[in-house]
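Colleague: Next up, input.txt (compact mmCIF, C-alpha atoms).
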# COMPACT_ATOMS: atom_id res chain seq x y z
CA MET A 15 0.00 0.00 0.00
CA LEU A 16 2.74 2.39 0.93
CA LEU A 17 4.60 1.43 -2.18
CA GLY A 18 1.54 2.31 -4.29
CA VAL A 19 1.24 5.72 -2.67
CA ALA A 20 4.93 6.37 -3.09
CA SER A 21 4.79 5.30 -6.70
CA GLY A 22 1.83 7.61 -7.29
CA VAL A 23 3.69 10.53 -5.74
CA ALA A 24 6.76 9.78 -7.76
CA LEU A 25 4.69 9.54 -10.92
CA GLY A 26 3.03 12.89 -10.17
CA GLN A 27 6.39 14.47 -9.45
CA GLY A 28 7.73 13.21 -12.72
CA GLN A 29 5.17 15.14 -14.80
CA PRO A 30 6.64 18.35 -16.29
CA GLN A 31 5.00 21.66 -15.40
CA PRO A 32 3.42 23.44 -18.38
CA VAL A 33 5.56 26.25 -19.73
CA GLN A 34 3.89 29.52 -20.71
CA PHE A 35 5.40 31.51 -23.54
CA PRO A 36 4.62 35.16 -24.40
CA GLN A 37 2.57 35.62 -27.54
CA ALA A 38 3.98 37.61 -30.40
CA SER A 39 0.72 39.58 -30.52
CA GLN A 40 -0.10 40.25 -26.91
CA HIS A 41 -3.59 40.26 -25.44
CA ALA A 42 -5.20 43.50 -24.25
CA VAL A 43 -8.48 44.58 -22.69
CA ILE A 44 -9.40 48.26 -22.59
CA LYS A 45 -12.34 49.76 -20.75
CA GLN A 46 -13.79 53.18 -21.36
CA ARG A 47 -16.84 54.91 -19.96
CA VAL A 48 -18.57 57.35 -22.32
CA GLY A 49 -21.10 59.32 -20.31
CA LEU A 50 -22.81 56.53 -18.40
CA THR A 51 -22.14 53.78 -20.96
CA ASP A 52 -19.30 51.30 -20.37
CA ILE A 53 -17.39 50.04 -23.39
CA GLU A 54 -14.90 47.17 -23.29
CA VAL A 55 -12.64 46.02 -26.13
CA ASP A 56 -10.87 42.64 -26.00
CA TYR A 57 -8.21 42.15 -28.68
CA SER A 58 -4.64 41.14 -29.52
CA ARG A 59 -1.99 43.62 -30.65
CA PRO A 60 0.39 42.65 -33.45
CA ASN A 61 3.59 44.57 -34.13
CA LYS A 62 4.71 46.00 -37.46
CA ASN A 63 8.17 44.39 -37.29
CA LYS A 64 9.38 46.29 -40.37
CA ARG A 65 6.63 44.80 -42.51
CA GLU A 66 4.34 46.53 -44.97
CA ILE A 67 1.01 46.51 -43.14
CA PHE A 68 -1.99 47.74 -45.13
CA GLY A 69 -1.86 46.46 -48.66
CA GLY A 70 0.74 43.91 -47.50
CA LEU A 71 0.29 41.89 -44.32
CA VAL A 72 -3.33 43.09 -44.22
CA PRO A 73 -4.59 42.93 -47.82
CA TRP A 74 -6.84 45.56 -49.33
CA ASP A 75 -10.51 44.66 -49.85
CA LYS A 76 -10.35 41.56 -47.63
CA VAL A 77 -12.03 40.95 -44.25
CA TRP A 78 -9.58 41.40 -41.38
CA ARG A 79 -10.04 40.20 -37.81
CA THR A 80 -8.90 43.67 -36.66
CA GLY A 81 -6.04 42.38 -34.59
CA ALA A 82 -4.49 38.93 -34.23
CA ASN A 83 -4.98 35.46 -32.77
CA ALA A 84 -8.77 35.61 -32.27
CA ALA A 85 -11.66 37.82 -33.31
CA THR A 86 -11.60 41.25 -31.69
CA LYS A 87 -14.62 41.81 -29.45
CA ILE A 88 -16.42 44.91 -28.18
CA ARG A 89 -19.08 45.14 -25.48
CA PHE A 90 -21.56 47.97 -24.84
CA SER A 91 -23.40 48.21 -21.53
CA ASP A 92 -26.15 50.26 -23.14
CA ALA A 93 -27.42 51.10 -26.59
CA VAL A 94 -25.11 53.24 -28.75
CA THR A 95 -25.03 54.79 -32.18
CA PHE A 96 -21.99 53.27 -33.89
CA GLY A 97 -21.17 55.56 -36.79
CA ASP A 98 -24.70 56.05 -38.12
CA LYS A 99 -26.11 52.70 -36.97
CA GLU A 100 -28.14 51.99 -33.85
CA VAL A 101 -26.64 49.10 -31.86
CA ALA A 102 -28.26 47.33 -28.91
CA PRO A 103 -26.31 46.61 -25.71
CA GLY A 104 -24.26 43.42 -25.84
CA GLN A 105 -21.03 41.94 -27.14
CA TYR A 106 -19.99 41.86 -30.79
CA ALA A 107 -17.01 40.84 -32.88
CA VAL A 108 -15.27 43.64 -34.77
CA PHE A 109 -14.27 42.91 -38.36
CA THR A 110 -12.93 45.40 -40.88
CA ILE A 111 -12.39 45.61 -44.62
CA PRO A 112 -9.50 48.02 -45.26
CA LYS A 113 -9.40 49.97 -48.50
CA GLN A 114 -7.03 52.73 -49.50
CA ASN A 115 -9.63 55.50 -49.26
CA GLU A 116 -12.41 53.94 -47.21
CA TRP A 117 -12.73 51.26 -44.54
CA SER A 118 -15.76 49.20 -43.62
CA ILE A 119 -16.11 48.51 -39.89
CA ILE A 120 -18.43 45.62 -39.09
CA LEU A 121 -20.05 44.56 -35.81
CA SER A 122 -21.05 40.90 -35.87
CA LYS A 123 -23.06 38.75 -33.49
CA ASN A 124 -20.77 35.86 -34.48
CA LEU A 125 -17.97 36.15 -31.91
CA GLU A 126 -15.67 33.55 -33.45
CA LEU A 127 -13.65 33.18 -36.62
CA PRO A 128 -14.24 32.92 -39.51
CA TYR A 129 -16.29 35.96 -40.46
CA LYS A 130 -19.90 35.22 -41.44
CA PRO A 131 -21.62 38.04 -43.35
CA GLU A 132 -25.08 36.82 -42.38
CA ALA A 133 -24.24 37.62 -38.74
CA ASP A 134 -23.67 41.36 -39.37
CA VAL A 135 -25.36 43.68 -36.89
CA ALA A 136 -23.95 46.96 -38.19
CA ARG A 137 -21.64 48.01 -41.00
CA VAL A 138 -20.31 51.56 -41.27
CA THR A 139 -17.67 53.27 -43.35
CA ALA A 140 -14.84 55.54 -42.23
CA ALA A 141 -12.12 57.47 -44.02
CA PRO A 142 -8.57 56.46 -43.00
CA ILE A 143 -6.19 59.22 -41.96
CA ASN A 144 -2.53 59.10 -42.89
CA VAL A 145 -0.23 60.28 -40.10
CA ALA A 146 3.47 61.09 -40.07
CA GLU A 147 4.45 59.12 -36.98
CA GLU A 148 4.69 55.37 -37.35
CA LEU A 149 2.88 53.29 -34.71
CA GLU A 150 4.66 49.99 -34.13
CA THR A 151 1.85 48.16 -32.28
CA PHE A 152 -1.77 47.93 -33.43
CA THR A 153 -3.92 50.01 -31.09
CA ILE A 154 -7.63 50.45 -30.45
CA GLY A 155 -8.51 53.40 -28.26
CA PHE A 156 -10.91 56.24 -27.51
CA ASN A 157 -10.39 59.96 -27.91
CA ASP A 158 -12.35 63.22 -27.75
CA LEU A 159 -14.43 62.01 -24.80
CA ARG A 160 -17.65 63.97 -24.25
CA PRO A 161 -20.67 63.45 -21.97
CA ASP A 162 -22.54 61.58 -24.70
CA ASN A 163 -20.03 60.72 -27.43
CA ALA A 164 -16.46 59.75 -28.21
CA THR A 165 -14.27 58.73 -31.12
CA MET A 166 -13.07 55.15 -31.23
CA PHE A 167 -9.95 54.74 -33.34
CA LEU A 168 -8.00 51.91 -34.93
CA ALA A 169 -4.35 52.81 -35.43
CA TRP A 170 -1.35 50.97 -36.88
CA ASP A 171 1.70 51.89 -38.88
CA LYS A 172 0.85 55.32 -40.34
CA THR A 173 -2.92 54.85 -40.55
CA VAL A 174 -5.65 55.94 -38.13
CA VAL A 175 -9.31 55.05 -38.71
CA PRO A 176 -11.82 57.01 -36.54
CA VAL A 177 -15.39 55.92 -35.80
CA LYS A 178 -17.84 58.15 -33.91
CA LEU A 179 -19.80 56.65 -31.02
CA ARG A 180 -22.85 58.27 -29.44
CA THR A 181 -24.89 57.34 -26.39
CA ASN A 182 -28.35 58.31 -25.16
CA ASP A 183 -27.04 59.29 -21.75
CA LEU A 184 -27.82 63.03 -21.82
CA ALA A 185 -31.51 62.37 -22.38
CA LYS A 186 -31.45 59.81 -19.56
CA VAL A 187 -29.79 62.23 -17.15
CA SER A 188 -32.34 64.94 -17.99
CA GLN A 189 -35.19 62.49 -17.34
CA GLN A 190 -33.64 61.43 -14.02
CA ILE A 191 -33.24 65.05 -12.91
CA ASP A 192 -36.86 65.78 -13.79
CA ALA A 193 -38.05 62.70 -11.90
CA ALA A 194 -35.99 63.62 -8.83
CA THR A 195 -37.18 67.23 -8.68
CA LYS A 196 -40.82 66.15 -9.08
CA SER A 197 -40.59 63.33 -6.55
CA GLY A 198 -41.31 65.57 -3.57
CA LYS A 199 -38.38 64.02 -1.71
CA GLU A 200 -35.68 65.99 0.11
CA LEU A 201 -32.68 66.40 -2.20
CA ASP A 202 -29.16 67.00 -0.91
CA ALA A 203 -26.55 69.59 -1.81
CA ASN A 204 -24.66 67.21 -4.08
CA PHE A 205 -27.74 66.67 -6.23
CA TYR A 206 -28.34 70.40 -6.69
CA ASN A 207 -24.66 71.03 -7.44
CA SER A 208 -24.50 68.21 -10.00
CA ALA A 209 -27.81 69.15 -11.64
CA ALA A 210 -26.72 72.79 -11.92
CA GLY A 211 -23.37 71.70 -13.38
CA PHE A 212 -25.10 69.45 -15.91
CA TYR A 213 -27.37 72.27 -17.07
CA LEU A 214 -24.39 74.63 -17.24
CA ASP A 215 -22.31 72.21 -19.32
CA GLN A 216 -25.20 71.49 -21.68
CA ASN A 217 -26.27 75.15 -21.85
CA LYS A 218 -29.78 74.26 -20.68
CA ASP A 219 -32.05 76.65 -18.75
CA LEU A 220 -29.35 78.58 -16.91
CA LYS A 221 -31.88 80.35 -14.68
CA GLN A 222 -32.93 76.94 -13.39
CA ALA A 223 -29.27 76.05 -12.90
CA ALA A 224 -28.81 79.26 -10.87
CA GLU A 225 -31.76 78.35 -8.67
CA TRP A 226 -30.40 74.85 -8.06
CA ILE A 227 -26.89 76.00 -7.18
CA ASP A 228 -28.34 78.45 -4.65
CA LYS A 229 -30.24 75.57 -3.06
CA GLY A 230 -27.05 73.55 -2.94
CA ILE A 231 -25.14 76.40 -1.29
CA GLY A 232 -27.98 76.78 1.23
CA LYS A 233 -27.44 73.18 2.27
CA ASN A 234 -23.62 73.37 2.24
CA PRO A 235 -22.52 77.01 2.65
CA ASP A 236 -18.82 76.14 3.05
CA ALA A 237 -18.49 74.40 -0.33
CA TYR A 238 -16.16 76.71 -2.26
CA PHE A 239 -16.70 74.72 -5.47
CA MET A 240 -20.39 75.54 -5.44
CA TYR A 241 -19.62 79.25 -5.32
CA THR A 242 -17.28 78.73 -8.27
CA ARG A 243 -20.07 77.00 -10.16
CA LYS A 244 -22.45 79.80 -9.23
CA ALA A 245 -19.94 82.31 -10.59
CA GLN A 246 -19.71 80.38 -13.87
CA ILE A 247 -23.50 80.25 -14.22
CA GLN A 248 -23.94 83.94 -13.44
CA ALA A 249 -21.17 84.83 -15.88
CA LYS A 250 -22.90 82.85 -18.62
CA LEU A 251 -26.16 84.63 -17.78
CA GLY A 252 -24.36 87.97 -18.20
CA ASN A 253 -24.63 88.92 -14.52
CA LYS A 254 -21.10 90.19 -13.96
CA LYS A 255 -21.61 91.61 -10.47
CA GLU A 256 -23.11 88.37 -9.15
CA ALA A 257 -20.42 86.29 -10.88
CA ILE A 258 -17.62 88.34 -9.29
CA ALA A 259 -19.24 88.18 -5.85
CA ALA A 260 -19.58 84.38 -6.04
CA ALA A 261 -15.98 83.88 -7.21
CA GLU A 262 -14.70 86.18 -4.45
CA LYS A 263 -16.70 84.20 -1.87
CA SER A 264 -15.17 80.97 -3.17
CA ASN A 265 -11.68 82.43 -2.79
CA GLN A 266 -12.51 83.72 0.68
CA ILE A 267 -13.36 80.16 1.76
CA LEU A 268 -10.27 78.73 0.04
CA GLU A 269 -7.89 81.26 1.58
CA SER A 270 -9.22 80.57 5.08
CA ARG A 271 -8.08 76.95 4.88
CA PRO A 272 -4.71 75.73 6.21
CA GLU A 273 -3.82 74.21 2.82
CA ARG A 274 -4.42 76.60 -0.06
CA ASP A 275 -5.66 75.17 -3.33
CA GLU A 276 -3.79 77.55 -5.61
CA SER A 277 -5.30 76.07 -8.77
CA ALA A 278 -8.87 76.66 -7.54
CA ILE A 279 -7.98 80.18 -6.38
CA ARG A 280 -6.46 80.96 -9.77
CA THR A 281 -9.56 79.66 -11.56
CA ASN A 282 -11.72 82.05 -9.56
CA GLN A 283 -9.31 84.92 -10.10
CA LEU A 284 -9.32 84.43 -13.86
CA LEU A 285 -13.11 84.47 -13.87
CA ILE A 286 -13.11 87.69 -11.82
CA GLU A 287 -10.64 89.32 -14.21
CA SER A 288 -12.68 88.26 -17.23
CA GLN A 289 -15.83 89.78 -15.76
CA ARG A 290 -14.05 93.04 -14.92
CA GLY A 291 -12.48 93.17 -18.35
CA ASN A 292 -9.02 93.38 -16.81
CA LYS A 293 -5.90 92.41 -18.69
CA ARG A 294 -3.14 90.69 -16.80
CA PRO A 295 -0.62 93.30 -15.57
CA ILE A 296 2.81 93.29 -17.18
CA ALA A 297 5.77 93.34 -14.81
CA LYS A 298 7.82 96.54 -14.87
CA GLY A 299 11.00 94.86 -16.15
CA LYS A 300 9.12 93.04 -18.88
CA ARG A 301 7.34 96.26 -19.90
CA GLN A 302 10.71 98.07 -20.22
CA GLN A 303 12.06 95.20 -22.30
CA GLU A 304 9.02 95.28 -24.60
CA ASN A 305 9.32 99.08 -24.97
CA GLY A 306 12.99 98.67 -25.90
CA LEU A 307 12.18 96.09 -28.56
CA LYS A 308 9.41 98.30 -29.93
CA GLU A 309 11.82 101.27 -30.14
CA LYS A 310 14.38 99.16 -32.02
CA ALA A 311 11.73 97.99 -34.45
CA GLN A 312 10.69 101.56 -35.16
CA ASN A 313 14.32 102.78 -35.43
CA PRO A 314 16.38 99.99 -37.10
CA SER A 315 19.50 102.21 -37.19
CA HIS A 316 19.39 102.72 -33.42
CA LYS A 317 21.99 100.67 -31.51
Show this structure as structure tokens.

Modeller:
Amino acid sequence: MLLGVASGVALGQGQPQPVQFPQASQHAVIKQRVGLTDIEVDYSRPNKNKREIFGGLVPWDKVWRTGANAATKIRFSDAVTFGDKEVAPGQYAVFTIPKQNEWSIILSKNLELPYKPEADVARVTAAPINVAEELETFTIGFNDLRPDNATMFLAWDKTVVPVKLRTNDLAKVSQQIDAATKSGKELDANFYNSAAGFYLDQNKDLKQAAEWIDKGIGKNPDAYFMYTRKAQIQAKLGNKKEAIAAAEKSNQILESRPERDESAIRTNQLLIESQRGNKRPIAKGKRQQENGLKEKAQNPSHK
């Protein structure tokens, strides 16, 4: 019996451990929130390795897996507009057909290779952009992030292909704000501050935004950032006196604290100066230097 156990142990010990090797095209997962919608891309990233990429390694007018190893996948937590196509929440494979002047970007419900055209969910076109700087590793990313849209891009070698994504989040936020204000429930300072900021950013009913920020300040009178927001709203409404007073109050709170937030103070000061129409003062030495340069320009023979 002991011999059997020992033999079993010895047999187990004699089995080699699996060896993991790095892939030439390494795996990546990127996550990006656009507004309130979460987007996740799962793909592999091949390198150029001194090869000709588009029109070479990746042929023109042929379906490409948009990466390496396996089909590239994208997941949306909520409905989006992909290019000009409405797409339901869920996970899709991303296939592309590169052409010299126009790419087709395809979302497919078939998550595995090979590509099956009957599984297409959306197909959009995009114009490739030629760039000067060479990108060694294939990259999918997001740029120009806004509250309800962003640009997804595919980039490799000297080519970038942008695709616009839009969400329905702004309409949802507006509906949620309306529901909250009509609920009859007590709302806290953070709600009023955020709602006012949302209306300010979207340039919606600024008088309503001003009313909300005042309610927020009433509930949290030591919140310097609410006075800054009030100043921004009043400035946009054209009420310079009220904007200056709110920015000065924000700075008064900031300057009373042991640790000064110089960036926040400067933000308020710039707003105050803009409302007063002041130009930044020029230091005496710099002014003399500028006057000297001006004199030389007017009198080239002067030494």

Colleague: Given all atoms listed in the file as the basis, pick out the residue of A:Gln289, A:Leu179, A:Trp78, A:Asp275 nearest to A:Asn253.

Modeller: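 Nearest candidate to A:Asn253 out of A:Gln289, A:Leu179, A:Trp78, A:Asp275: A:Gln289.
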
Colleague: Rounded to one decimal, what separation in Å do you get between atom CA of A:Glu256 and atom CA of A:Thr195?

Modeller: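 Value for the atom CA of A:Glu256-atom CA of A:Thr195 distance: 25.4 Å.
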
Colleague: For A:Asp92, which residue out of A:Leu127, A:Ala257, A:Leu50, A:Ala209 is the nearest one, using only C-alpha atoms?

Modeller: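 Nearest to A:Asp92: A:Leu50.
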
Colleague: I want to know what sits within 12 Å of A:Arg65, based on only C-alpha atoms, with residues of the same chain fewer than 4 positions away left out; could you give that as a list in words?

Modeller: Pro60, Asn61, Gly69, Gly70, Leu71, Val72, Glu148, Glu150, Thr151, Trp170 and Asp171 of chain A

Colleague: Using only C-alpha atoms, can you tell me which of A:Asp202, A:Glu287, A:Glu262, A:Asp52 comes closest to A:Tyr238?

Modeller: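 Comparing A:Asp202, A:Glu287, A:Glu262, A:Asp52 against A:Tyr238, the winner is A:Glu262.
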
Colleague: Can you sort out the box for stretch 147-158 of chain A, edges along x, y and z, all listed atoms in, 4 Å on every side, with centre and edge lengths in Å to one decimal, as AutoDock Vina command-line options?

Modeller:
--center_x -3.8 --center_y 55.6 --center_z -32.4 --size_x 25.0 --size_y 23.3 --size_z 17.8

Colleague: Would you kindly return, as JSON, numbers by chain, each protein, DNA or RNA residue with an atom no farther than 7 Å from any atom of A:Trp74, considering all atoms listed in the file and excluding same-chain residues fewer than 3 positions away?

Modeller: {"A": [68, 69, 112, 113]}

Colleague: N, CA and C atoms are what I want for stretch 73-84 of chain A; can you complete it accordingly and write them as a short mmCIF file (atom, residue, chain, number, x, y, z; two decimals), keeping the file's coordinate frame?

Modeller:
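out.cif, written as the output of this step:
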data_model
loop_
_atom_site.label_atom_id
_atom_site.label_comp_id
_atom_site.auth_asym_id
_atom_site.auth_seq_id
_atom_site.Cartn_x
_atom_site.Cartn_y
_atom_site.Cartn_z
N PRO A 73 -4.28 42.61 -46.42
CA PRO A 73 -4.59 42.93 -47.82
C PRO A 73 -5.74 43.94 -47.93
N TRP A 74 -5.72 44.69 -49.03
CA TRP A 74 -6.84 45.56 -49.33
C TRP A 74 -8.05 44.72 -49.73
N ASP A 75 -9.23 45.23 -49.40
CA ASP A 75 -10.51 44.66 -49.85
C ASP A 75 -10.77 43.25 -49.33
N LYS A 76 -10.12 42.86 -48.24
CA LYS A 76 -10.35 41.56 -47.63
C LYS A 76 -10.77 41.75 -46.17
N VAL A 77 -11.60 40.86 -45.65
CA VAL A 77 -12.03 40.95 -44.25
C VAL A 77 -10.84 40.67 -43.34
N TRP A 78 -10.67 41.54 -42.35
CA TRP A 78 -9.58 41.40 -41.38
C TRP A 78 -10.19 41.24 -40.00
N ARG A 79 -9.55 40.43 -39.18
CA ARG A 79 -10.04 40.20 -37.81
C ARG A 79 -9.82 41.40 -36.91
N THR A 80 -9.13 42.42 -37.40
CA THR A 80 -8.90 43.67 -36.66
C THR A 80 -8.04 43.41 -35.43
N GLY A 81 -6.97 42.71 -35.66
CA GLY A 81 -6.04 42.38 -34.59
C GLY A 81 -5.28 41.11 -34.94
N ALA A 82 -5.20 40.19 -34.00
CA ALA A 82 -4.49 38.93 -34.23
C ALA A 82 -5.06 37.85 -33.32
N ASN A 83 -4.66 36.63 -33.58
CA ASN A 83 -4.98 35.46 -32.77
C ASN A 83 -6.46 35.07 -32.82
N ALA A 84 -7.34 35.91 -32.31
CA ALA A 84 -8.77 35.61 -32.27
C ALA A 84 -9.54 36.83 -32.77
#
